[in-house]
Amino acid sequence: MPGLIEELAQLRLMAERELAQADDPAALEAFRVSWLGRKAGRVTAVLRGLKDVPIEERAGIGDAANQLKANLTALFEARLAGTVGVSDDRPAGLDYSRPGLRPSTGRAHPITQTLDRILEILTGMGFTPVSGPEVETVENNFGALNIGPEHPSRQPGDTFFLTPDVLLRTHTSPVQVRAMRAQEPPIRICCPGRVYRREAVDATHLCEFHQVEILYVDRGVTMRDLKGCLSTFARLMFGADTRTRLRPSYFPFVEPGAEVDVTCFLCRGSGCRVCKGSGWIEILGAGMVHPRVLANVGYDPDVWTGYAAGMGVERITMLRHGVTDIRYFQENDLRFLEQF
């Protein structure tokens, strides 16, 4: 047995010398096959020869042979890791000492950034985001919202009709209708989503764009509550010194209705090209939910009142960043998008 142990020690010295001389991947592979290969490797041959060793000596020699194999495997792997890639067949003229190029990272689209900020503010104010289908019924999109058959938006020239009774929604207000029909008041929701209108595409109009609407219905809700909500939203969205004003306007689904302006967030109200010298910028429409709308969804207008408001995400994004052409948002030009 001592003679066999000494022979294994000699094999280890021979293998280590041969491994030290292997300076390229081909030589290392030849070493692996010669010493550690499963069929013709020298260490494998020793392990296979254990059957001829007396039983009383077999365990000790087997342990020594297995230890030799483990040691040579570890040395081989360390040597392989240190030589892989060190070759003279690298492309000529390639300077490996130059700094690497940092890959560019993606970012959210400017519309998504604005939408995320709007929803962050509204959810912080207690509004729950609710979504709905983009393909809607005429009843949900128009009828339930007090938009009569004579209204211009019901004409095929203004709306994408799929059938006489089905269309691509022109606003996210149908989400409010669905939510109110599914839930008893009080209700406080915000409705983000994509909408469609048959518009002539130009610098300020698209036929596909995004809206966010809010709805709050409860006992005793007043116009004062609406003004407080919009003032808070404007300050959080555009700055603490932002002021709001409401101008009377008409929308079929609210009464009274108003256009909502904020002090220009570029000139802070002193007048500039963006606000056309007025110091004010229109950002959304709002009003008290019309009693007919409440009745259409099953709410008693003598008990419940509420307010609603809607804003265009593209418009707010354009105003925040001074973008002059809404079409830039859909062109996927990295020179434009990387500015945000």
# chains A, B, ... in the order shown; residues from 1 in each chain; ligands from 1
$ residues_around --residues "segment 239-244 of chain A" --least-positions-apart "3" --cutoff "6 Å" --atoms "only C-alpha atoms" --output "PyMOL selection string"
chain A and resi 231+235-236+261-263
$ write_last_selection --atoms "N, CA and C atoms" --output "short mmCIF file (atom, residue, chain, number, x, y, z; two decimals), in the first residue's frame"
data_model
loop_
_atom_site.label_atom_id
_atom_site.label_comp_id
_atom_site.auth_asym_id
_atom_site.auth_seq_id
_atom_site.Cartn_x
_atom_site.Cartn_y
_atom_site.Cartn_z
N SER A 231 -58.12 73.50 -6.94
CA SER A 231 -57.03 74.36 -6.46
C SER A 231 -55.91 73.53 -5.86
N ARG A 235 -52.01 73.23 -7.43
CA ARG A 235 -50.81 73.57 -6.66
C ARG A 235 -49.84 72.39 -6.61
N LEU A 236 -50.38 71.19 -6.46
CA LEU A 236 -49.51 70.02 -6.42
C LEU A 236 -48.92 69.69 -7.78
N ASP A 261 -58.93 77.54 -15.46
CA ASP A 261 -57.63 78.09 -15.83
C ASP A 261 -56.70 78.07 -14.63
N VAL A 262 -55.40 78.00 -14.90
CA VAL A 262 -54.39 78.16 -13.85
C VAL A 262 -53.42 79.23 -14.30
N THR A 263 -52.77 79.86 -13.32
CA THR A 263 -51.74 80.84 -13.67
C THR A 263 -50.64 80.15 -14.45
#
$ closest_atom_pairs --of "segment 51-81 of chain A" --to "segment 4-24 of chain A" --cutoff "8 Å" --atoms "only C-alpha atoms" --output "JSON lines"
{"residue": "A:Ile61", "atom": "CA", "partner": "A:Ile5", "partner_atom": "CA", "distance": 6.6}
{"residue": "A:Ala64", "atom": "CA", "partner": "A:Ile5", "partner_atom": "CA", "distance": 7.1}
{"residue": "A:Ala65", "atom": "CA", "partner": "A:Leu8", "partner_atom": "CA", "distance": 7.0}
{"residue": "A:Leu68", "atom": "CA", "partner": "A:Arg12", "partner_atom": "CA", "distance": 6.8}
{"residue": "A:Leu72", "atom": "CA", "partner": "A:Ala15", "partner_atom": "CA", "distance": 7.6}
{"residue": "A:Phe76", "atom": "CA", "partner": "A:Leu19", "partner_atom": "CA", "distance": 7.2}
{"residue": "A:Arg79", "atom": "CA", "partner": "A:Leu19", "partner_atom": "CA", "distance": 7.9}
$ write_last_selection --atoms "N, CA and C atoms" --output "CSV table (one decimal), in the first residue's frame"
chain,number,residue,atom,x,y,z
A,61,ILE,N,-6.3,3.5,-0.6
A,61,ILE,CA,-5.8,3.9,-1.9
A,61,ILE,C,-7.0,4.7,-2.6
A,64,ALA,N,-7.1,8.2,-1.5
A,64,ALA,CA,-5.9,9.0,-2.0
A,64,ALA,C,-6.1,9.3,-3.5
A,65,ALA,N,-6.7,8.3,-4.2
A,65,ALA,CA,-6.9,8.6,-5.7
A,65,ALA,C,-8.0,9.6,-5.9
A,68,LEU,N,-6.6,12.9,-5.2
A,68,LEU,CA,-5.8,13.4,-6.3
A,68,LEU,C,-6.6,13.9,-7.4
A,72,LEU,N,-6.4,17.8,-8.7
A,72,LEU,CA,-6.1,18.2,-10.1
A,72,LEU,C,-7.2,18.9,-10.8
A,76,PHE,N,-6.9,22.5,-12.4
A,76,PHE,CA,-7.2,22.6,-13.8
A,76,PHE,C,-8.2,23.8,-14.1
A,79,ARG,N,-6.6,27.1,-13.5
A,79,ARG,CA,-5.7,27.4,-14.6
A,79,ARG,C,-6.5,27.8,-15.9
$ closest_residue --among "A:Gly271, A:Leu294, A:Ala309, A:His171" --to "Lys227 of chain A" --atoms "only C-alpha atoms"
A:Ala309
$ select_by_dssp --residues "segment 177-270 of chain A" --states "alpha helix (DSSP H)" --output "PyMOL selection string"
chain A and resi 177-182+223-238
$ residues_around --residues "segment 175-177 of chain A" --least-positions-apart "5" --cutoff "7 Å" --atoms "only C-alpha atoms" --output "list of chain:residue names"
A:Ser131, A:Gly132, A:Asn140, A:Cys191, A:Val297
$ closest_residue --among "A:Pro248, A:Gly322, A:Gly228, A:Phe336" --to "Arg273 of chain A" --atoms "only C-alpha atoms"
A:Gly322
$ atom_distance --atom1 "atom CA of Glu331 of chain A" --atom2 "atom CA of Arg117 of chain A"
22.6 Å
$ closest_residue --among "A:Asp63, A:Glu184, A:Glu29, A:Glu213" --to "Thr128 of chain A" --atoms "only C-alpha atoms"
A:Glu213
